[in-house]
Amino acid sequence: MYNPFSLLNACSRNEFGSYWFAIGTPTYLVKLLKKHYYNLERMTHEETDIQMLDSIDSESTNPIPAIYQSGYLTIKGYNERFGMYRLGFPNREVEEGFIRFLLPYYAKVSKVESPFEIHKFVREVESGDYNSFFRCLQSFFADTTYEIIREQELHYENVLFIVFKLIGFYTQVEYNTNGGRIDLVLQTDKFIYIMEFKLNGTAEEALQQINDKHYALPFEMDERKLFKIGANFSAEIRNIEKWIVES
């Protein structure tokens with residue numbers, strides 16, 4: 001299925017662009033996600049049935065039907081036995097546009113600054129400057145309001161998901177291994193970063209988990225330089241308290 005608006009713009013300008021996303025701003029949808037404390041990571045593999053997809057109830061705590069009916073999610077698969085639909089973003093244009101739009105609503109960064117901040121993140125990881133990377137990440141959590149304290153862990157997870165998802169459009173980002181769930185594996189041409197995050201723990205504990213569960217094992221024959229990074233979020237300061245690196 002082709003979007004006539006996007007197709008006409010591509011032909012007129014003789015170049016591909018994010019024309020579909022430019023026709024509207026999903027502010028209402030973002031407010032729904034925040035209002036109901038939705039875990040953004042679920043959006044990439046949400047499963048639901050037809051009754052849920054067809055219903056938009058003002059009392060519902062599930063924002064997915066509204067996002068689906070607005071076209072930002074589409075059906076990616078169907079389990080006939082259980083009548084369950086698997087949802088996902090229809091294409092990279094919609095996915096990147098929507099995730100970019102989310103950033104200023106979850107992190108301390110303006111709509112104008114957000115593209116430059118992501119480019120800065122990418123430059124830092126590509127150059128191996130992990131300290132600057134984490135200082136930038138700290139700035140995204142600066143002045144976290146008390147209103148989100150009761151959902152603090154989810155707030156941190158959502159901000160990290162947005163940042164790493166956007167970085168993933170320019171580098172290779174993975175989240176899982178056979179030995180357990182890694183918070184982040186980030187790969188560039190020269191470097192591999194394995195990161196583990198704790199909330200109200202210690203950076204040392206996070207790094208110890210990387211070593212104890214052998215998260216680096218799949219990369220031991222890789223010629224690229226590997227960094228194992230443990231980081232801790234503190235509820236007291238509402239930010240990343242400390243990170244330690246082992247290479």
# chains A, B, ... in the order shown; residues from 1 in each chain; ligands from 1
call {"tool": "select_by_dssp", "arguments": {"residues": "range 20-212 of chain A", "states": "helix (DSSP H, G or I)", "output": "PyMOL selection string"}}
result
chain A and resi 21-23+27-35+40-45+50-53+64-69+92-106+114-127+130-141+146-167+203-212
call {"tool": "residues_around", "arguments": {"residues": "Glu196 in chain A", "least_positions_apart": "6", "cutoff": "7 Å", "atoms": "only C-alpha atoms", "output": "list of chain:residue names"}}
result
A:Ile182, A:Asp183, A:Leu184, A:Ala206, A:Leu207, A:Ile210, A:Ile229, A:Gly230, A:Ala231
call {"tool": "residues_around", "arguments": {"residues": "range 32-45 of chain A", "least_positions_apart": "4", "cutoff": "6 Å", "atoms": "only C-alpha atoms", "output": "compact mmCIF listing (two decimals) with C-alpha atoms, in the first residue's frame"}}
result
# COMPACT_ATOMS: atom_id res chain seq x y z
CA THR A 61 -5.48 2.24 30.27
CA PRO A 63 -2.96 3.37 24.50
CA LEU A 87 2.00 -5.34 16.03
CA GLY A 88 4.99 -3.28 15.00
CA ASN A 158 11.78 4.38 28.62
call {"tool": "atom_distance", "arguments": {"atom1": "CA of Ser70 in chain A", "atom2": "CA of Val30 in chain A"}}
result
12.1 Å
call {"tool": "closest_residue", "arguments": {"among": "A:Phe161, A:Phe191, A:Tyr170, A:Phe219", "to": "Asp129 in chain A", "atoms": "only C-alpha atoms"}}
result
A:Phe191
call {"tool": "closest_residue", "arguments": {"among": "A:Val185, A:Val109, A:Ile167, A:Ile237", "to": "Arg123 in chain A", "atoms": "only C-alpha atoms"}}
result
A:Ile167
call {"tool": "residues_around", "arguments": {"residues": "Gly128 in chain A", "least_positions_apart": "2", "cutoff": "10 Å", "atoms": "only C-alpha atoms", "output": "MDAnalysis selection string"}}
result
chainID A and resid 123:126 130:133 188 190:193 225:227
call {"tool": "write_last_selection", "arguments": {"atoms": "C-alpha atoms", "output": "PDB file, in the first residue's frame"}}
result
ATOM      1  CA  ARG A 123      29.867  10.361  17.321  1.00  0.00           C
ATOM      2  CA  GLU A 124      30.931   9.601  20.883  1.00  0.00           C
ATOM      3  CA  VAL A 125      30.346   5.856  20.696  1.00  0.00           C
ATOM      4  CA  GLU A 126      32.031   5.684  17.293  1.00  0.00           C
ATOM      5  CA  TYR A 130      32.239   6.458  26.646  1.00  0.00           C
ATOM      6  CA  ASN A 131      32.669   9.075  29.382  1.00  0.00           C
ATOM      7  CA  SER A 132      31.237  11.818  27.168  1.00  0.00           C
ATOM      8  CA  PHE A 133      28.466   9.407  26.177  1.00  0.00           C
ATOM      9  CA  THR A 188      30.388   0.139  15.859  1.00  0.00           C
ATOM     10  CA  LYS A 190      35.855  -0.230  15.954  1.00  0.00           C
ATOM     11  CA  PHE A 191      34.184  -0.830  19.316  1.00  0.00           C
ATOM     12  CA  ILE A 192      31.797  -3.127  21.171  1.00  0.00           C
ATOM     13  CA  TYR A 193      30.040  -1.858  24.293  1.00  0.00           C
ATOM     14  CA  LYS A 225      37.986  -3.180  21.243  1.00  0.00           C
ATOM     15  CA  LEU A 226      35.450  -4.240  23.870  1.00  0.00           C
ATOM     16  CA  PHE A 227      34.203  -2.140  26.777  1.00  0.00           C
TER      17      PHE A 227
END
call {"tool": "residues_around", "arguments": {"residues": "Tyr72 in chain A", "least_positions_apart": "3", "cutoff": "9 Å", "atoms": "only C-alpha atoms", "output": "short mmCIF file (atom, residue, chain, number, x, y, z; two decimals) with N, CA and C atoms, in the first residue's frame"}}
result
data_model
loop_
_atom_site.label_atom_id
_atom_site.label_comp_id
_atom_site.auth_asym_id
_atom_site.auth_seq_id
_atom_site.Cartn_x
_atom_site.Cartn_y
_atom_site.Cartn_z
N PRO A 26 1.91 13.40 16.48
CA PRO A 26 1.16 12.51 17.38
C PRO A 26 1.22 12.93 18.84
N ILE A 67 -3.01 4.18 18.97
CA ILE A 67 -1.78 4.28 18.17
C ILE A 67 -1.91 3.44 16.91
N TYR A 68 -2.51 2.27 17.04
CA TYR A 68 -2.74 1.40 15.88
C TYR A 68 -3.69 2.06 14.89
N GLN A 69 -4.80 2.57 15.38
CA GLN A 69 -5.79 3.16 14.47
C GLN A 69 -5.29 4.47 13.86
N GLY A 88 3.67 -3.89 15.12
CA GLY A 88 4.99 -3.28 15.00
C GLY A 88 4.90 -2.04 14.13
N PHE A 89 5.98 -1.33 14.03
CA PHE A 89 6.01 -0.16 13.17
C PHE A 89 5.98 -0.61 11.70
N PRO A 90 5.25 0.12 10.84
CA PRO A 90 5.13 -0.31 9.44
C PRO A 90 6.43 -0.21 8.66
N VAL A 94 8.37 5.63 9.73
CA VAL A 94 7.41 5.83 10.82
C VAL A 94 8.06 5.57 12.17
N GLU A 95 8.84 4.49 12.25
CA GLU A 95 9.48 4.13 13.51
C GLU A 95 10.43 5.23 13.98
N PHE A 98 8.53 8.51 14.86
CA PHE A 98 7.78 8.44 16.10
C PHE A 98 8.71 8.44 17.31
#
call {"tool": "atom_distance", "arguments": {"atom1": "CA of Phe141 in chain A", "atom2": "CA of Gln187 in chain A"}}
result
23.7 Å
call {"tool": "atom_distance", "arguments": {"atom1": "CA of Glu174 in chain A", "atom2": "CA of Tyr78 in chain A"}}
result
24.7 Å
call {"tool": "closest_residue", "arguments": {"among": "A:Asp212, A:Phe116, A:Glu223, A:Ala203", "to": "Val245 in chain A", "atoms": "only C-alpha atoms"}}
result
A:Ala203
call {"tool": "select_by_dssp", "arguments": {"residues": "range 2-199 of chain A", "states": "strand (DSSP E or B)", "output": "ChimeraX atom specification"}}
result
/A:47-48,74-79,84-88,172-177,180-187,191-199
call {"tool": "write_last_selection", "arguments": {"atoms": "C-alpha atoms", "output": "mmCIF file, in the first residue's frame"}}
result
data_model
loop_
_atom_site.group_PDB
_atom_site.id
_atom_site.type_symbol
_atom_site.label_atom_id
_atom_site.label_comp_id
_atom_site.auth_asym_id
_atom_site.auth_seq_id
_atom_site.Cartn_x
_atom_site.Cartn_y
_atom_site.Cartn_z
ATOM 1 C CA GLU A 47 0.372 -8.648 20.916
ATOM 2 C CA THR A 48 -3.378 -8.178 21.145
ATOM 3 C CA THR A 74 0.497 -2.060 11.881
ATOM 4 C CA ILE A 75 -0.118 -5.814 11.894
ATOM 5 C CA LYS A 76 3.116 -7.778 11.504
ATOM 6 C CA GLY A 77 1.836 -11.260 12.200
ATOM 7 C CA TYR A 78 -1.183 -13.310 13.212
ATOM 8 C CA ASN A 79 -1.515 -16.372 15.437
ATOM 9 C CA MET A 84 -3.680 -12.829 18.445
ATOM 10 C CA TYR A 85 -2.156 -10.115 16.297
ATOM 11 C CA ARG A 86 1.488 -9.059 16.564
ATOM 12 C CA LEU A 87 1.996 -5.343 16.027
ATOM 13 C CA GLY A 88 4.992 -3.278 14.999
ATOM 14 C CA GLN A 172 24.074 -1.961 15.677
ATOM 15 C CA VAL A 173 22.174 -2.336 18.949
ATOM 16 C CA GLU A 174 21.131 -5.644 20.533
ATOM 17 C CA TYR A 175 19.472 -6.499 23.831
ATOM 18 C CA ASN A 176 19.541 -10.248 24.385
ATOM 19 C CA THR A 177 21.964 -13.170 24.583
ATOM 20 C CA GLY A 180 20.544 -13.873 29.897
ATOM 21 C CA ARG A 181 19.226 -10.435 29.201
ATOM 22 C CA ILE A 182 21.822 -7.724 28.613
ATOM 23 C CA ASP A 183 20.590 -4.179 28.986
ATOM 24 C CA LEU A 184 22.594 -3.098 25.944
ATOM 25 C CA VAL A 185 25.117 -4.347 23.418
ATOM 26 C CA LEU A 186 26.196 -1.552 21.113
ATOM 27 C CA GLN A 187 28.523 -2.210 18.174
ATOM 28 C CA PHE A 191 34.184 -0.830 19.316
ATOM 29 C CA ILE A 192 31.797 -3.127 21.171
ATOM 30 C CA TYR A 193 30.040 -1.858 24.293
ATOM 31 C CA ILE A 194 28.336 -4.191 26.751
ATOM 32 C CA MET A 195 26.324 -2.203 29.291
ATOM 33 C CA GLU A 196 24.370 -3.251 32.355
ATOM 34 C CA PHE A 197 22.241 -0.812 34.371
ATOM 35 C CA LYS A 198 21.096 -1.023 37.985
ATOM 36 C CA LEU A 199 18.571 1.024 39.941
#
call {"tool": "closest_atom_pairs", "arguments": {"of": "range 141-238 of chain A", "to": "range 103-106 of chain A", "cutoff": "12 Å", "atoms": "only C-alpha atoms", "output": "CSV"}}
result
residue,atom,partner,partner_atom,distance
A:Phe141,CA,A:Tyr106,CA,8.8
A:Ala142,CA,A:Tyr106,CA,11.2
A:Asp143,CA,A:Tyr106,CA,11.6
A:Thr144,CA,A:Tyr106,CA,9.5
A:Thr145,CA,A:Tyr106,CA,10.9
A:Ile148,CA,A:Tyr106,CA,10.5
A:Gln152,CA,A:Tyr106,CA,11.9
A:Leu154,CA,A:Tyr106,CA,11.1
A:His155,CA,A:Tyr106,CA,7.7
A:Tyr156,CA,A:Tyr106,CA,9.2
A:Glu157,CA,A:Tyr106,CA,10.5
A:Asn158,CA,A:Tyr106,CA,7.6
A:Val159,CA,A:Tyr106,CA,6.1
A:Leu160,CA,A:Tyr106,CA,9.9
A:Phe161,CA,A:Leu103,CA,10.0
A:Ile162,CA,A:Leu103,CA,6.5
A:Val163,CA,A:Leu103,CA,7.7
A:Phe164,CA,A:Leu103,CA,11.1
A:Lys165,CA,A:Leu103,CA,10.6
A:Leu166,CA,A:Leu103,CA,9.4
call {"tool": "write_last_selection", "arguments": {"atoms": "N, CA and C atoms", "output": "compact mmCIF listing (two decimals), in the first residue's frame"}}
result
# COMPACT_ATOMS: atom_id res chain seq x y z
N PHE A 141 18.60 13.00 31.95
CA PHE A 141 17.83 12.72 33.16
C PHE A 141 17.84 13.90 34.14
N ALA A 142 18.50 14.99 33.79
CA ALA A 142 18.60 16.13 34.68
C ALA A 142 17.22 16.69 35.00
N ASP A 143 17.05 17.10 36.24
CA ASP A 143 15.79 17.72 36.69
C ASP A 143 14.59 16.80 36.50
N THR A 144 14.80 15.51 36.71
CA THR A 144 13.67 14.58 36.68
C THR A 144 12.68 14.97 37.77
N THR A 145 11.41 15.14 37.40
CA THR A 145 10.43 15.65 38.35
C THR A 145 10.02 14.60 39.37
N ILE A 148 7.24 11.63 38.67
CA ILE A 148 7.47 10.31 38.06
C ILE A 148 8.17 9.35 39.01
N GLN A 152 9.62 5.37 38.69
CA GLN A 152 10.96 5.81 38.35
C GLN A 152 11.70 4.81 37.47
N LEU A 154 10.52 2.56 35.42
CA LEU A 154 9.97 2.58 34.07
C LEU A 154 10.40 3.83 33.31
N HIS A 155 10.47 4.95 34.01
CA HIS A 155 10.91 6.20 33.36
C HIS A 155 12.32 6.04 32.83
N TYR A 156 13.23 5.52 33.65
CA TYR A 156 14.60 5.30 33.20
C TYR A 156 14.64 4.35 32.01
N GLU A 157 13.87 3.26 32.10
CA GLU A 157 13.85 2.28 31.01
C GLU A 157 13.35 2.91 29.71
N ASN A 158 12.33 3.75 29.81
CA ASN A 158 11.78 4.38 28.62
C ASN A 158 12.76 5.35 27.97
N VAL A 159 13.44 6.14 28.79
CA VAL A 159 14.44 7.08 28.23
C VAL A 159 15.57 6.31 27.58
N LEU A 160 16.05 5.27 28.24
CA LEU A 160 17.13 4.47 27.66
C LEU A 160 16.67 3.80 26.38
N PHE A 161 15.44 3.30 26.36
CA PHE A 161 14.91 2.67 25.15
C PHE A 161 14.91 3.67 23.99
N ILE A 162 14.44 4.89 24.23
CA ILE A 162 14.38 5.90 23.17
C ILE A 162 15.77 6.23 22.66
N VAL A 163 16.70 6.49 23.58
CA VAL A 163 18.06 6.86 23.19
C VAL A 163 18.73 5.74 22.39
N PHE A 164 18.65 4.52 22.91
CA PHE A 164 19.33 3.40 22.25
C PHE A 164 18.64 3.02 20.95
N LYS A 165 17.32 3.20 20.90
CA LYS A 165 16.61 2.93 19.66
C LYS A 165 17.05 3.90 18.57
N LEU A 166 17.19 5.17 18.92
CA LEU A 166 17.63 6.18 17.94
C LEU A 166 19.07 5.95 17.53
call {"tool": "closest_residue", "arguments": {"among": "A:Cys11, A:Leu102, A:Leu217, A:Ile240", "to": "Ser139 in chain A", "atoms": "only C-alpha atoms"}}
result
A:Ile240
call {"tool": "closest_residue", "arguments": {"among": "A:Glu113, A:Glu153, A:Glu80, A:Glu204", "to": "Arg238 in chain A", "atoms": "only C-alpha atoms"}}
result
A:Glu153
call {"tool": "decode", "arguments": {"residues": "range 120-216 of chain A", "atoms": "C-alpha atoms", "output": "mmCIF file, in the first residue's frame"}}
result
data_model
loop_
_atom_site.group_PDB
_atom_site.id
_atom_site.type_symbol
_atom_site.label_atom_id
_atom_site.label_comp_id
_atom_site.auth_asym_id
_atom_site.auth_seq_id
_atom_site.Cartn_x
_atom_site.Cartn_y
_atom_site.Cartn_z
ATOM 1 C CA LYS A 120 26.432 13.592 19.380
ATOM 2 C CA PHE A 121 25.745 10.221 21.019
ATOM 3 C CA VAL A 122 26.621 8.417 17.797
ATOM 4 C CA ARG A 123 29.867 10.361 17.321
ATOM 5 C CA GLU A 124 30.931 9.601 20.883
ATOM 6 C CA VAL A 125 30.346 5.856 20.696
ATOM 7 C CA GLU A 126 32.031 5.684 17.293
ATOM 8 C CA SER A 127 35.117 7.403 18.723
ATOM 9 C CA GLY A 128 35.225 5.285 21.902
ATOM 10 C CA ASP A 129 34.492 8.262 24.178
ATOM 11 C CA TYR A 130 32.239 6.458 26.646
ATOM 12 C CA ASN A 131 32.669 9.075 29.382
ATOM 13 C CA SER A 132 31.237 11.818 27.168
ATOM 14 C CA PHE A 133 28.466 9.407 26.177
ATOM 15 C CA PHE A 134 27.441 8.915 29.802
ATOM 16 C CA ARG A 135 27.723 12.612 30.628
ATOM 17 C CA CYS A 136 25.309 13.315 27.767
ATOM 18 C CA LEU A 137 23.045 10.575 29.075
ATOM 19 C CA GLN A 138 23.108 12.204 32.503
ATOM 20 C CA SER A 139 21.904 15.459 30.970
ATOM 21 C CA PHE A 140 18.845 13.631 29.614
ATOM 22 C CA PHE A 141 17.834 12.723 33.164
ATOM 23 C CA ALA A 142 18.596 16.132 34.684
ATOM 24 C CA ASP A 143 15.788 17.721 36.686
ATOM 25 C CA THR A 144 13.668 14.580 36.675
ATOM 26 C CA THR A 145 10.431 15.650 38.349
ATOM 27 C CA TYR A 146 9.074 14.168 41.560
ATOM 28 C CA GLU A 147 5.843 13.309 39.751
ATOM 29 C CA ILE A 148 7.466 10.310 38.064
ATOM 30 C CA ILE A 149 9.107 8.930 41.200
ATOM 31 C CA ARG A 150 6.493 6.196 41.696
ATOM 32 C CA GLU A 151 7.295 4.927 38.204
ATOM 33 C CA GLN A 152 10.961 5.806 38.347
ATOM 34 C CA GLU A 153 12.347 2.524 37.039
ATOM 35 C CA LEU A 154 9.968 2.576 34.072
ATOM 36 C CA HIS A 155 10.906 6.195 33.356
ATOM 37 C CA TYR A 156 14.603 5.297 33.202
ATOM 38 C CA GLU A 157 13.852 2.282 31.014
ATOM 39 C CA ASN A 158 11.781 4.377 28.617
ATOM 40 C CA VAL A 159 14.436 7.078 28.234
ATOM 41 C CA LEU A 160 17.132 4.468 27.663
ATOM 42 C CA PHE A 161 14.913 2.672 25.150
ATOM 43 C CA ILE A 162 14.380 5.898 23.168
ATOM 44 C CA VAL A 163 18.063 6.861 23.188
ATOM 45 C CA PHE A 164 19.326 3.402 22.254
ATOM 46 C CA LYS A 165 16.608 2.929 19.660
ATOM 47 C CA LEU A 166 17.626 6.176 17.941
ATOM 48 C CA ILE A 167 21.309 5.290 18.153
ATOM 49 C CA GLY A 168 20.383 1.918 16.664
ATOM 50 C CA PHE A 169 19.342 3.588 13.413
ATOM 51 C CA TYR A 170 23.032 4.459 12.896
ATOM 52 C CA THR A 171 24.840 1.660 14.746
ATOM 53 C CA GLN A 172 24.074 -1.961 15.677
ATOM 54 C CA VAL A 173 22.174 -2.336 18.949
ATOM 55 C CA GLU A 174 21.131 -5.644 20.533
ATOM 56 C CA TYR A 175 19.472 -6.499 23.831
ATOM 57 C CA ASN A 176 19.541 -10.248 24.385
ATOM 58 C CA THR A 177 21.964 -13.170 24.583
ATOM 59 C CA ASN A 178 21.492 -16.877 25.301
ATOM 60 C CA GLY A 179 23.065 -16.444 28.735
ATOM 61 C CA GLY A 180 20.544 -13.873 29.897
ATOM 62 C CA ARG A 181 19.226 -10.435 29.201
ATOM 63 C CA ILE A 182 21.822 -7.724 28.613
ATOM 64 C CA ASP A 183 20.590 -4.179 28.986
ATOM 65 C CA LEU A 184 22.594 -3.098 25.944
ATOM 66 C CA VAL A 185 25.117 -4.347 23.418
ATOM 67 C CA LEU A 186 26.196 -1.552 21.113
ATOM 68 C CA GLN A 187 28.523 -2.210 18.174
ATOM 69 C CA THR A 188 30.388 0.139 15.859
ATOM 70 C CA ASP A 189 33.128 -0.508 13.291
ATOM 71 C CA LYS A 190 35.855 -0.230 15.954
ATOM 72 C CA PHE A 191 34.184 -0.830 19.316
ATOM 73 C CA ILE A 192 31.797 -3.127 21.171
ATOM 74 C CA TYR A 193 30.040 -1.858 24.293
ATOM 75 C CA ILE A 194 28.336 -4.191 26.751
ATOM 76 C CA MET A 195 26.324 -2.203 29.291
ATOM 77 C CA GLU A 196 24.370 -3.251 32.355
ATOM 78 C CA PHE A 197 22.241 -0.812 34.371
ATOM 79 C CA LYS A 198 21.096 -1.023 37.985
ATOM 80 C CA LEU A 199 18.571 1.024 39.941
ATOM 81 C CA ASN A 200 19.589 1.785 43.533
ATOM 82 C CA GLY A 201 22.349 -0.803 43.322
ATOM 83 C CA THR A 202 25.970 -0.137 42.445
ATOM 84 C CA ALA A 203 27.941 0.211 39.255
ATOM 85 C CA GLU A 204 30.242 -2.493 40.623
ATOM 86 C CA GLU A 205 27.317 -4.922 40.875
ATOM 87 C CA ALA A 206 26.312 -4.151 37.305
ATOM 88 C CA LEU A 207 29.815 -4.822 36.011
ATOM 89 C CA GLN A 208 30.045 -7.985 38.099
ATOM 90 C CA GLN A 209 26.854 -9.269 36.459
ATOM 91 C CA ILE A 210 28.412 -8.791 33.017
ATOM 92 C CA ASN A 211 31.393 -10.906 34.087
ATOM 93 C CA ASP A 212 29.465 -13.515 36.082
ATOM 94 C CA LYS A 213 27.041 -14.193 33.234
ATOM 95 C CA HIS A 214 29.768 -14.088 30.585
ATOM 96 C CA TYR A 215 27.994 -11.527 28.430
ATOM 97 C CA ALA A 216 31.235 -10.845 26.562
#
